[in-house]
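To start, the structure itself, in structure tokens.
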Amino acid sequence: MTAATLVEGAKSIVRGKHKDNALKLQAALESLRRLEGSRLSIVAFNDAVIAELASYQKREQSASAAYSRAIKSGDLQQVREALREWLPLRPLLEFTQRELGALNATRTYGGDFTQFANENKNAREVLLAACRARLSTANADADQARADERARLSDEFDESDVASSPIVKRQAAKVSGLEAMLHRSETESIETTWKSFAEQLLSEK
């Protein structure tokens, strides 16, 4: 059996692995994308609630300022109009301040992510599956790069020369980075690893 036949056989095996890995990666990333969408929806909803409460504060402050101007104007009709605008907002001020304080405090201590994690108990498993799928694909890419370089280089070059090739080294570094990501995802808190890696896994090409 010639060296060319061996190389072509190795490349055929790599191509088969690559196709299988691509299908697994697609499924894993779709699950990850759904959960990340859920997390972002929680953040967006809470942002909207905070903005709505803040708008009441601004309206009350504006109405209060209008009342002060009306008093200074000496115009009773202006005072009546300012009171009609301001008085209904006064009882809401304490409530909005209290709610804003509570929501901001909850957010400071990770409330958005706690809600997400409580609603998605499988978040760690989904993140790990995406990490493993990315790593499998990277390993297949690294094998392909080594096979291509082995085929490109003449027989006078040994495996250390193949490993020193820039493209092979680049793929090896990618594998190393994903191995570190997987290890952290297995050992660190889901809040830390999700925030660190979910978007990276989804955006990586």
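Going through the structure tokens in order, the chains are called A, B, and so on, while each chain numbers its residues from 1 and the ligands are numbered from 1 in the order shown.
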With stretch 191-194 of chain A as the partner and 12 Å as the cut-off, tabulate the residues of stretch 5-74 of chain A that qualify, each row holding the nearest pair of atoms and their distance in Å to one decimal, using only C-alpha atoms, sorted by chain and rising number, as CSV.
```
residue,atom,partner,partner_atom,distance
A:Leu32,CA,A:Trp194,CA,10.0
A:Arg33,CA,A:Trp194,CA,11.8
A:Leu35,CA,A:Trp194,CA,10.4
A:Glu36,CA,A:Trp194,CA,8.9
A:Arg39,CA,A:Trp194,CA,10.2
```
Those selected residues, please, written with N, CA and C atoms and delivered as a PDB file, in the first residue's frame.
```
ATOM      1  N   LEU A  32     -28.427  25.579  22.510  1.00  0.00           N
ATOM      2  CA  LEU A  32     -27.772  26.685  23.211  1.00  0.00           C
ATOM      3  C   LEU A  32     -28.388  28.015  22.803  1.00  0.00           C
ATOM      4  N   ARG A  33     -28.669  28.177  21.519  1.00  0.00           N
ATOM      5  CA  ARG A  33     -29.254  29.430  21.013  1.00  0.00           C
ATOM      6  C   ARG A  33     -30.643  29.671  21.619  1.00  0.00           C
ATOM      7  N   LEU A  35     -31.755  28.631  24.554  1.00  0.00           N
ATOM      8  CA  LEU A  35     -31.618  29.018  25.954  1.00  0.00           C
ATOM      9  C   LEU A  35     -31.040  30.418  26.093  1.00  0.00           C
ATOM     10  N   GLU A  36     -30.087  30.769  25.260  1.00  0.00           N
ATOM     11  CA  GLU A  36     -29.531  32.122  25.324  1.00  0.00           C
ATOM     12  C   GLU A  36     -30.602  33.144  24.955  1.00  0.00           C
ATOM     13  N   ARG A  39     -32.616  33.664  28.027  1.00  0.00           N
ATOM     14  CA  ARG A  39     -31.926  34.539  28.992  1.00  0.00           C
ATOM     15  C   ARG A  39     -32.014  36.001  28.568  1.00  0.00           C
TER      16      ARG A  39
END
```
For this session: Measure the distance from atom CA of A:Met181 to atom CA of A:Ser164 in Å and round it to one decimal.
Result: 24.0 Å
For this session: Counting only C-alpha atoms, figure out which residue out of A:Ala27, A:Ile42, A:Leu76, A:Val49 gets nearest to A:Asn118.
Result: A:Ile42
Residue neighbourhood A:Arg69, 10 Å, only C-alpha atoms, exclusion window fewer than 5 positions, as a CSV table (one decimal) with C-alpha atoms, in the first residue's frame:
```
chain,number,residue,atom,x,y,z
A,63,ALA,CA,-45.4,67.6,37.1
A,64,SER,CA,-43.9,68.7,40.5
A,74,GLY,CA,-49.7,83.7,40.6
A,75,ASP,CA,-52.1,82.2,38.0
A,78,GLN,CA,-52.2,77.2,36.0
A,79,VAL,CA,-52.1,75.9,39.6
A,82,ALA,CA,-50.7,71.6,37.5
```
Exercise. Of the residues A:Arg107, A:His183, A:Arg90, A:Lys58, which is the one nearest to A:Val43, using only C-alpha atoms?
Worked result: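 Answer, going by the shortest atom-to-atom distance: A:Arg107.
Counting only C-alpha atoms and comparing A:Ala51, A:Leu40, A:Gln171, A:Leu153, the residue that lies closest to A:Glu99 is A:Ala51.
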Within 12 Å of stretch 121-126 of chain A, counting only C-alpha atoms, which residues show up once you throw out same-chain ones fewer than 6 positions away? Write them as a PDB file with all heavy atoms, in the first residue's frame, please.
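around-v8.pdb was written with the following content:
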```
ATOM      1  N   LEU A  25     -22.918  19.262  16.165  1.00  0.00           N
ATOM      2  CA  LEU A  25     -22.677  20.658  16.521  1.00  0.00           C
ATOM      3  C   LEU A  25     -23.898  21.510  16.217  1.00  0.00           C
ATOM      4  O   LEU A  25     -24.291  22.366  17.018  1.00  0.00           O
ATOM      5  CB  LEU A  25     -21.466  21.190  15.760  1.00  0.00           C
ATOM      6  CG  LEU A  25     -21.117  22.661  15.977  1.00  0.00           C
ATOM      7  CD1 LEU A  25     -20.808  22.938  17.443  1.00  0.00           C
ATOM      8  CD2 LEU A  25     -19.935  23.061  15.099  1.00  0.00           C
ATOM      9  N   ALA A  27     -27.038  20.659  16.173  1.00  0.00           N
ATOM     10  CA  ALA A  27     -28.084  20.393  17.166  1.00  0.00           C
ATOM     11  C   ALA A  27     -27.735  21.019  18.508  1.00  0.00           C
ATOM     12  O   ALA A  27     -28.597  21.614  19.179  1.00  0.00           O
ATOM     13  CB  ALA A  27     -28.284  18.891  17.315  1.00  0.00           C
ATOM     14  N   ALA A  28     -26.471  20.900  18.908  1.00  0.00           N
ATOM     15  CA  ALA A  28     -26.047  21.450  20.206  1.00  0.00           C
ATOM     16  C   ALA A  28     -26.149  22.962  20.220  1.00  0.00           C
ATOM     17  O   ALA A  28     -26.597  23.559  21.214  1.00  0.00           O
ATOM     18  CB  ALA A  28     -24.616  21.010  20.517  1.00  0.00           C
ATOM     19  N   LEU A  29     -25.756  23.604  19.126  1.00  0.00           N
ATOM     20  CA  LEU A  29     -25.812  25.069  19.071  1.00  0.00           C
ATOM     21  C   LEU A  29     -27.245  25.572  19.001  1.00  0.00           C
ATOM     22  O   LEU A  29     -27.556  26.642  19.539  1.00  0.00           O
ATOM     23  CB  LEU A  29     -25.016  25.579  17.865  1.00  0.00           C
ATOM     24  CG  LEU A  29     -23.503  25.403  17.931  1.00  0.00           C
ATOM     25  CD1 LEU A  29     -22.844  25.988  16.693  1.00  0.00           C
ATOM     26  CD2 LEU A  29     -22.917  26.046  19.199  1.00  0.00           C
ATOM     27  N   GLU A  30     -28.132  24.821  18.378  1.00  0.00           N
ATOM     28  CA  GLU A  30     -29.530  25.224  18.324  1.00  0.00           C
ATOM     29  C   GLU A  30     -30.134  25.223  19.729  1.00  0.00           C
ATOM     30  O   GLU A  30     -30.876  26.142  20.106  1.00  0.00           O
ATOM     31  CB  GLU A  30     -30.317  24.294  17.409  1.00  0.00           C
ATOM     32  CG  GLU A  30     -31.773  24.698  17.213  1.00  0.00           C
ATOM     33  CD  GLU A  30     -31.931  26.120  16.693  1.00  0.00           C
ATOM     34  OE1 GLU A  30     -31.123  26.556  15.858  1.00  0.00           O
ATOM     35  OE2 GLU A  30     -32.874  26.803  17.147  1.00  0.00           O
ATOM     36  N   SER A  31     -29.814  24.206  20.522  1.00  0.00           N
ATOM     37  CA  SER A  31     -30.287  24.164  21.912  1.00  0.00           C
ATOM     38  C   SER A  31     -29.709  25.318  22.717  1.00  0.00           C
ATOM     39  O   SER A  31     -30.412  25.959  23.510  1.00  0.00           O
ATOM     40  CB  SER A  31     -29.903  22.827  22.561  1.00  0.00           C
ATOM     41  OG  SER A  31     -30.562  21.751  21.924  1.00  0.00           O
ATOM     42  N   LEU A  32     -28.427  25.579  22.510  1.00  0.00           N
ATOM     43  CA  LEU A  32     -27.772  26.685  23.211  1.00  0.00           C
ATOM     44  C   LEU A  32     -28.388  28.015  22.803  1.00  0.00           C
ATOM     45  O   LEU A  32     -28.624  28.888  23.649  1.00  0.00           O
ATOM     46  CB  LEU A  32     -26.276  26.674  22.903  1.00  0.00           C
ATOM     47  CG  LEU A  32     -25.423  27.741  23.611  1.00  0.00           C
ATOM     48  CD1 LEU A  32     -25.424  27.522  25.113  1.00  0.00           C
ATOM     49  CD2 LEU A  32     -23.995  27.727  23.070  1.00  0.00           C
ATOM     50  N   ARG A  33     -28.669  28.177  21.519  1.00  0.00           N
ATOM     51  CA  ARG A  33     -29.254  29.430  21.013  1.00  0.00           C
ATOM     52  C   ARG A  33     -30.643  29.671  21.619  1.00  0.00           C
ATOM     53  O   ARG A  33     -30.994  30.799  21.959  1.00  0.00           O
ATOM     54  CB  ARG A  33     -29.322  29.381  19.489  1.00  0.00           C
ATOM     55  CG  ARG A  33     -29.703  30.713  18.840  1.00  0.00           C
ATOM     56  CD  ARG A  33     -29.586  30.641  17.331  1.00  0.00           C
ATOM     57  NE  ARG A  33     -28.186  30.543  16.917  1.00  0.00           N
ATOM     58  CZ  ARG A  33     -27.604  29.447  16.433  1.00  0.00           C
ATOM     59  NH1 ARG A  33     -28.313  28.329  16.290  1.00  0.00           N
ATOM     60  NH2 ARG A  33     -26.332  29.447  16.101  1.00  0.00           N
ATOM     61  N   ARG A  34     -31.425  28.613  21.751  1.00  0.00           N
ATOM     62  CA  ARG A  34     -32.766  28.756  22.350  1.00  0.00           C
ATOM     63  C   ARG A  34     -32.664  29.230  23.793  1.00  0.00           C
ATOM     64  O   ARG A  34     -33.397  30.125  24.216  1.00  0.00           O
ATOM     65  CB  ARG A  34     -33.524  27.431  22.287  1.00  0.00           C
ATOM     66  CG  ARG A  34     -34.105  27.097  20.925  1.00  0.00           C
ATOM     67  CD  ARG A  34     -35.176  26.025  21.033  1.00  0.00           C
ATOM     68  NE  ARG A  34     -34.632  24.786  21.576  1.00  0.00           N
ATOM     69  CZ  ARG A  34     -34.111  23.818  20.837  1.00  0.00           C
ATOM     70  NH1 ARG A  34     -34.042  23.945  19.519  1.00  0.00           N
ATOM     71  NH2 ARG A  34     -33.652  22.711  21.395  1.00  0.00           N
ATOM     72  N   LEU A  35     -31.755  28.631  24.554  1.00  0.00           N
ATOM     73  CA  LEU A  35     -31.618  29.018  25.954  1.00  0.00           C
ATOM     74  C   LEU A  35     -31.040  30.418  26.093  1.00  0.00           C
ATOM     75  O   LEU A  35     -31.482  31.188  26.958  1.00  0.00           O
ATOM     76  CB  LEU A  35     -30.746  28.008  26.702  1.00  0.00           C
ATOM     77  CG  LEU A  35     -31.547  26.958  27.506  1.00  0.00           C
ATOM     78  CD1 LEU A  35     -32.383  26.109  26.557  1.00  0.00           C
ATOM     79  CD2 LEU A  35     -30.614  26.088  28.335  1.00  0.00           C
ATOM     80  N   GLU A  36     -30.087  30.769  25.260  1.00  0.00           N
ATOM     81  CA  GLU A  36     -29.531  32.122  25.324  1.00  0.00           C
ATOM     82  C   GLU A  36     -30.602  33.144  24.955  1.00  0.00           C
ATOM     83  O   GLU A  36     -30.670  34.236  25.537  1.00  0.00           O
ATOM     84  CB  GLU A  36     -28.320  32.238  24.387  1.00  0.00           C
ATOM     85  CG  GLU A  36     -27.703  33.629  24.325  1.00  0.00           C
ATOM     86  CD  GLU A  36     -27.091  34.127  25.626  1.00  0.00           C
ATOM     87  OE1 GLU A  36     -27.195  33.431  26.665  1.00  0.00           O
ATOM     88  OE2 GLU A  36     -26.501  35.227  25.600  1.00  0.00           O
ATOM     89  N   SER A  38     -33.738  32.770  25.614  1.00  0.00           N
ATOM     90  CA  SER A  38     -34.563  32.858  26.812  1.00  0.00           C
ATOM     91  C   SER A  38     -33.932  33.787  27.843  1.00  0.00           C
ATOM     92  O   SER A  38     -34.617  34.613  28.466  1.00  0.00           O
ATOM     93  CB  SER A  38     -34.742  31.453  27.408  1.00  0.00           C
ATOM     94  OG  SER A  38     -35.381  31.509  28.668  1.00  0.00           O
ATOM     95  N   ARG A  39     -32.616  33.664  28.027  1.00  0.00           N
ATOM     96  CA  ARG A  39     -31.926  34.539  28.992  1.00  0.00           C
ATOM     97  C   ARG A  39     -32.014  36.001  28.568  1.00  0.00           C
ATOM     98  O   ARG A  39     -32.305  36.884  29.385  1.00  0.00           O
ATOM     99  CB  ARG A  39     -30.458  34.133  29.124  1.00  0.00           C
ATOM    100  CG  ARG A  39     -29.705  34.889  30.203  1.00  0.00           C
ATOM    101  CD  ARG A  39     -28.218  34.584  30.180  1.00  0.00           C
ATOM    102  NE  ARG A  39     -27.568  35.199  29.040  1.00  0.00           N
ATOM    103  CZ  ARG A  39     -27.162  36.466  28.994  1.00  0.00           C
ATOM    104  NH1 ARG A  39     -27.375  37.277  30.029  1.00  0.00           N
ATOM    105  NH2 ARG A  39     -26.561  36.938  27.915  1.00  0.00           N
ATOM    106  N   PHE A 113     -29.986  36.203  36.033  1.00  0.00           N
ATOM    107  CA  PHE A 113     -29.472  34.868  35.720  1.00  0.00           C
ATOM    108  C   PHE A 113     -30.097  33.810  36.621  1.00  0.00           C
ATOM    109  O   PHE A 113     -30.341  32.682  36.167  1.00  0.00           O
ATOM    110  CB  PHE A 113     -27.948  34.811  35.842  1.00  0.00           C
ATOM    111  CG  PHE A 113     -27.382  33.573  35.216  1.00  0.00           C
ATOM    112  CD1 PHE A 113     -27.071  33.550  33.860  1.00  0.00           C
ATOM    113  CD2 PHE A 113     -27.203  32.421  35.961  1.00  0.00           C
ATOM    114  CE1 PHE A 113     -26.595  32.390  33.265  1.00  0.00           C
ATOM    115  CE2 PHE A 113     -26.727  31.263  35.368  1.00  0.00           C
ATOM    116  CZ  PHE A 113     -26.414  31.242  34.017  1.00  0.00           C
ATOM    117  N   THR A 114     -30.371  34.168  37.865  1.00  0.00           N
ATOM    118  CA  THR A 114     -31.033  33.215  38.763  1.00  0.00           C
ATOM    119  C   THR A 114     -32.380  32.798  38.202  1.00  0.00           C
ATOM    120  O   THR A 114     -32.740  31.609  38.214  1.00  0.00           O
ATOM    121  CB  THR A 114     -31.201  33.831  40.163  1.00  0.00           C
ATOM    122  OG1 THR A 114     -29.914  34.120  40.708  1.00  0.00           O
ATOM    123  CG2 THR A 114     -31.942  32.877  41.093  1.00  0.00           C
ATOM    124  N   GLN A 115     -33.137  33.770  37.699  1.00  0.00           N
ATOM    125  CA  GLN A 115     -34.427  33.464  37.075  1.00  0.00           C
ATOM    126  C   GLN A 115     -34.239  32.548  35.871  1.00  0.00           C
ATOM    127  O   GLN A 115     -34.966  31.555  35.701  1.00  0.00           O
ATOM    128  CB  GLN A 115     -35.126  34.755  36.645  1.00  0.00           C
ATOM    129  CG  GLN A 115     -36.495  34.519  36.000  1.00  0.00           C
ATOM    130  CD  GLN A 115     -37.138  35.814  35.527  1.00  0.00           C
ATOM    131  OE1 GLN A 115     -36.694  36.913  35.858  1.00  0.00           O
ATOM    132  NE2 GLN A 115     -38.183  35.685  34.723  1.00  0.00           N
ATOM    133  N   ARG A 132     -18.567  20.420  24.010  1.00  0.00           N
ATOM    134  CA  ARG A 132     -18.041  19.141  23.520  1.00  0.00           C
ATOM    135  C   ARG A 132     -18.178  19.032  22.001  1.00  0.00           C
ATOM    136  O   ARG A 132     -17.286  18.494  21.335  1.00  0.00           O
ATOM    137  CB  ARG A 132     -18.766  17.995  24.220  1.00  0.00           C
ATOM    138  CG  ARG A 132     -18.370  17.854  25.690  1.00  0.00           C
ATOM    139  CD  ARG A 132     -19.271  16.907  26.439  1.00  0.00           C
ATOM    140  NE  ARG A 132     -18.890  16.817  27.846  1.00  0.00           N
ATOM    141  CZ  ARG A 132     -19.753  16.676  28.845  1.00  0.00           C
ATOM    142  NH1 ARG A 132     -21.057  16.617  28.598  1.00  0.00           N
ATOM    143  NH2 ARG A 132     -19.329  16.608  30.093  1.00  0.00           N
ATOM    144  N   ALA A 133     -19.286  19.541  21.472  1.00  0.00           N
ATOM    145  CA  ALA A 133     -19.479  19.497  20.020  1.00  0.00           C
ATOM    146  C   ALA A 133     -18.461  20.380  19.308  1.00  0.00           C
ATOM    147  O   ALA A 133     -17.897  19.998  18.275  1.00  0.00           O
ATOM    148  CB  ALA A 133     -20.906  19.921  19.670  1.00  0.00           C
ATOM    149  N   LEU A 182     -14.070  23.690  28.160  1.00  0.00           N
ATOM    150  CA  LEU A 182     -14.845  22.550  28.643  1.00  0.00           C
ATOM    151  C   LEU A 182     -14.539  22.257  30.099  1.00  0.00           C
ATOM    152  O   LEU A 182     -15.453  22.013  30.905  1.00  0.00           O
ATOM    153  CB  LEU A 182     -14.557  21.318  27.778  1.00  0.00           C
ATOM    154  CG  LEU A 182     -15.265  20.025  28.201  1.00  0.00           C
ATOM    155  CD1 LEU A 182     -16.784  20.203  28.171  1.00  0.00           C
ATOM    156  CD2 LEU A 182     -14.841  18.873  27.284  1.00  0.00           C
ATOM    157  N   ARG A 184     -13.477  24.330  32.414  1.00  0.00           N
ATOM    158  CA  ARG A 184     -14.091  25.364  33.252  1.00  0.00           C
ATOM    159  C   ARG A 184     -15.599  25.173  33.342  1.00  0.00           C
ATOM    160  O   ARG A 184     -16.200  25.355  34.410  1.00  0.00           O
ATOM    161  CB  ARG A 184     -13.761  26.748  32.704  1.00  0.00           C
ATOM    162  CG  ARG A 184     -12.329  27.199  32.916  1.00  0.00           C
ATOM    163  CD  ARG A 184     -12.143  28.640  32.498  1.00  0.00           C
ATOM    164  NE  ARG A 184     -13.026  29.535  33.243  1.00  0.00           N
ATOM    165  CZ  ARG A 184     -13.214  30.814  32.966  1.00  0.00           C
ATOM    166  NH1 ARG A 184     -12.581  31.361  31.920  1.00  0.00           N
ATOM    167  NH2 ARG A 184     -14.024  31.555  33.697  1.00  0.00           N
ATOM    168  N   SER A 185     -16.212  24.797  32.231  1.00  0.00           N
ATOM    169  CA  SER A 185     -17.665  24.600  32.225  1.00  0.00           C
ATOM    170  C   SER A 185     -18.083  23.422  33.095  1.00  0.00           C
ATOM    171  O   SER A 185     -19.198  23.397  33.617  1.00  0.00           O
ATOM    172  CB  SER A 185     -18.163  24.389  30.786  1.00  0.00           C
ATOM    173  OG  SER A 185     -17.917  25.538  30.001  1.00  0.00           O
ATOM    174  N   GLU A 186     -17.183  22.469  33.253  1.00  0.00           N
ATOM    175  CA  GLU A 186     -17.467  21.293  34.089  1.00  0.00           C
ATOM    176  C   GLU A 186     -17.246  21.589  35.571  1.00  0.00           C
ATOM    177  O   GLU A 186     -17.873  20.935  36.425  1.00  0.00           O
ATOM    178  CB  GLU A 186     -16.577  20.125  33.667  1.00  0.00           C
ATOM    179  CG  GLU A 186     -16.940  19.530  32.315  1.00  0.00           C
ATOM    180  CD  GLU A 186     -15.934  18.499  31.851  1.00  0.00           C
ATOM    181  OE1 GLU A 186     -14.742  18.590  32.243  1.00  0.00           O
ATOM    182  OE2 GLU A 186     -16.330  17.604  31.091  1.00  0.00           O
ATOM    183  N   THR A 187     -16.376  22.548  35.884  1.00  0.00           N
ATOM    184  CA  THR A 187     -15.958  22.722  37.277  1.00  0.00           C
ATOM    185  C   THR A 187     -16.402  24.038  37.918  1.00  0.00           C
ATOM    186  O   THR A 187     -16.456  24.132  39.141  1.00  0.00           O
ATOM    187  CB  THR A 187     -14.423  22.636  37.381  1.00  0.00           C
ATOM    188  OG1 THR A 187     -13.820  23.622  36.528  1.00  0.00           O
ATOM    189  CG2 THR A 187     -13.937  21.253  36.962  1.00  0.00           C
ATOM    190  N   GLU A 188     -16.715  25.056  37.112  1.00  0.00           N
ATOM    191  CA  GLU A 188     -17.091  26.349  37.666  1.00  0.00           C
ATOM    192  C   GLU A 188     -18.605  26.535  37.648  1.00  0.00           C
ATOM    193  O   GLU A 188     -19.339  25.742  37.064  1.00  0.00           O
ATOM    194  CB  GLU A 188     -16.403  27.480  36.892  1.00  0.00           C
ATOM    195  CG  GLU A 188     -14.888  27.445  36.997  1.00  0.00           C
ATOM    196  CD  GLU A 188     -14.225  28.591  36.243  1.00  0.00           C
ATOM    197  OE1 GLU A 188     -14.910  29.580  35.913  1.00  0.00           O
ATOM    198  OE2 GLU A 188     -13.009  28.495  35.995  1.00  0.00           O
ATOM    199  N   SER A 189     -19.077  27.592  38.300  1.00  0.00           N
ATOM    200  CA  SER A 189     -20.519  27.832  38.384  1.00  0.00           C
ATOM    201  C   SER A 189     -21.097  28.104  37.004  1.00  0.00           C
ATOM    202  O   SER A 189     -20.437  28.677  36.133  1.00  0.00           O
ATOM    203  CB  SER A 189     -20.806  29.024  39.303  1.00  0.00           C
ATOM    204  OG  SER A 189     -20.451  30.242  38.667  1.00  0.00           O
ATOM    205  N   ILE A 190     -22.350  27.712  36.826  1.00  0.00           N
ATOM    206  CA  ILE A 190     -23.004  27.892  35.531  1.00  0.00           C
ATOM    207  C   ILE A 190     -23.157  29.378  35.211  1.00  0.00           C
ATOM    208  O   ILE A 190     -23.080  29.778  34.040  1.00  0.00           O
ATOM    209  CB  ILE A 190     -24.367  27.166  35.496  1.00  0.00           C
ATOM    210  CG1 ILE A 190     -25.024  27.309  34.111  1.00  0.00           C
ATOM    211  CG2 ILE A 190     -25.285  27.678  36.591  1.00  0.00           C
ATOM    212  CD1 ILE A 190     -24.222  26.752  32.973  1.00  0.00           C
ATOM    213  N   GLU A 191     -23.354  30.221  36.217  1.00  0.00           N
ATOM    214  CA  GLU A 191     -23.489  31.660  35.951  1.00  0.00           C
ATOM    215  C   GLU A 191     -22.206  32.217  35.336  1.00  0.00           C
ATOM    216  O   GLU A 191     -22.239  32.959  34.349  1.00  0.00           O
ATOM    217  CB  GLU A 191     -23.825  32.421  37.224  1.00  0.00           C
ATOM    218  CG  GLU A 191     -23.989  33.918  36.992  1.00  0.00           C
ATOM    219  CD  GLU A 191     -24.466  34.680  38.221  1.00  0.00           C
ATOM    220  OE1 GLU A 191     -24.594  34.058  39.292  1.00  0.00           O
ATOM    221  OE2 GLU A 191     -24.687  35.893  38.105  1.00  0.00           O
ATOM    222  N   THR A 192     -21.073  31.818  35.906  1.00  0.00           N
ATOM    223  CA  THR A 192     -19.785  32.297  35.395  1.00  0.00           C
ATOM    224  C   THR A 192     -19.522  31.783  33.987  1.00  0.00           C
ATOM    225  O   THR A 192     -19.156  32.542  33.087  1.00  0.00           O
ATOM    226  CB  THR A 192     -18.647  31.850  36.322  1.00  0.00           C
ATOM    227  OG1 THR A 192     -18.833  32.440  37.614  1.00  0.00           O
ATOM    228  CG2 THR A 192     -17.294  32.278  35.773  1.00  0.00           C
ATOM    229  N   THR A 193     -19.706  30.485  33.787  1.00  0.00           N
ATOM    230  CA  THR A 193     -19.344  29.886  32.505  1.00  0.00           C
ATOM    231  C   THR A 193     -20.328  30.253  31.400  1.00  0.00           C
ATOM    232  O   THR A 193     -19.926  30.446  30.252  1.00  0.00           O
ATOM    233  CB  THR A 193     -19.238  28.359  32.634  1.00  0.00           C
ATOM    234  OG1 THR A 193     -20.448  27.829  33.200  1.00  0.00           O
ATOM    235  CG2 THR A 193     -18.068  27.981  33.532  1.00  0.00           C
ATOM    236  N   TRP A 194     -21.619  30.374  31.742  1.00  0.00           N
ATOM    237  CA  TRP A 194     -22.583  30.753  30.702  1.00  0.00           C
ATOM    238  C   TRP A 194     -22.281  32.153  30.179  1.00  0.00           C
ATOM    239  O   TRP A 194     -22.235  32.383  28.980  1.00  0.00           O
ATOM    240  CB  TRP A 194     -24.009  30.689  31.237  1.00  0.00           C
ATOM    241  CG  TRP A 194     -25.027  30.838  30.144  1.00  0.00           C
ATOM    242  CD1 TRP A 194     -25.457  32.009  29.562  1.00  0.00           C
ATOM    243  CD2 TRP A 194     -25.712  29.787  29.466  1.00  0.00           C
ATOM    244  NE1 TRP A 194     -26.359  31.749  28.574  1.00  0.00           N
ATOM    245  CE2 TRP A 194     -26.534  30.398  28.493  1.00  0.00           C
ATOM    246  CE3 TRP A 194     -25.716  28.394  29.582  1.00  0.00           C
ATOM    247  CZ2 TRP A 194     -27.366  29.658  27.650  1.00  0.00           C
ATOM    248  CZ3 TRP A 194     -26.541  27.658  28.746  1.00  0.00           C
ATOM    249  CH2 TRP A 194     -27.340  28.285  27.803  1.00  0.00           C
ATOM    250  N   LYS A 195     -22.065  33.071  31.105  1.00  0.00           N
ATOM    251  CA  LYS A 195     -21.773  34.446  30.701  1.00  0.00           C
ATOM    252  C   LYS A 195     -20.456  34.541  29.936  1.00  0.00           C
ATOM    253  O   LYS A 195     -20.285  35.390  29.059  1.00  0.00           O
ATOM    254  CB  LYS A 195     -21.741  35.354  31.931  1.00  0.00           C
ATOM    255  CG  LYS A 195     -23.110  35.578  32.563  1.00  0.00           C
ATOM    256  CD  LYS A 195     -23.014  36.470  33.786  1.00  0.00           C
ATOM    257  CE  LYS A 195     -24.380  36.728  34.392  1.00  0.00           C
ATOM    258  NZ  LYS A 195     -24.311  37.578  35.599  1.00  0.00           N
ATOM    259  N   PHE A 197     -19.008  31.973  28.084  1.00  0.00           N
ATOM    260  CA  PHE A 197     -18.817  31.118  26.912  1.00  0.00           C
ATOM    261  C   PHE A 197     -20.002  30.987  25.961  1.00  0.00           C
ATOM    262  O   PHE A 197     -19.799  30.634  24.799  1.00  0.00           O
ATOM    263  CB  PHE A 197     -18.403  29.714  27.361  1.00  0.00           C
ATOM    264  CG  PHE A 197     -17.160  29.677  28.204  1.00  0.00           C
ATOM    265  CD1 PHE A 197     -17.076  28.879  29.332  1.00  0.00           C
ATOM    266  CD2 PHE A 197     -16.063  30.460  27.866  1.00  0.00           C
ATOM    267  CE1 PHE A 197     -15.935  28.846  30.108  1.00  0.00           C
ATOM    268  CE2 PHE A 197     -14.904  30.437  28.643  1.00  0.00           C
ATOM    269  CZ  PHE A 197     -14.847  29.621  29.763  1.00  0.00           C
ATOM    270  N   ALA A 198     -21.232  31.211  26.422  1.00  0.00           N
ATOM    271  CA  ALA A 198     -22.391  30.950  25.551  1.00  0.00           C
ATOM    272  C   ALA A 198     -22.318  31.756  24.257  1.00  0.00           C
ATOM    273  O   ALA A 198     -22.425  31.203  23.149  1.00  0.00           O
ATOM    274  CB  ALA A 198     -23.694  31.243  26.293  1.00  0.00           C
ATOM    275  N   LEU A 201     -19.419  30.609  21.992  1.00  0.00           N
ATOM    276  CA  LEU A 201     -19.697  29.354  21.280  1.00  0.00           C
ATOM    277  C   LEU A 201     -20.636  29.587  20.105  1.00  0.00           C
ATOM    278  O   LEU A 201     -20.497  28.960  19.050  1.00  0.00           O
ATOM    279  CB  LEU A 201     -20.306  28.335  22.248  1.00  0.00           C
ATOM    280  CG  LEU A 201     -19.341  27.699  23.252  1.00  0.00           C
ATOM    281  CD1 LEU A 201     -20.104  27.005  24.363  1.00  0.00           C
ATOM    282  CD2 LEU A 201     -18.405  26.721  22.545  1.00  0.00           C
TER     283      LEU A 201
END
```
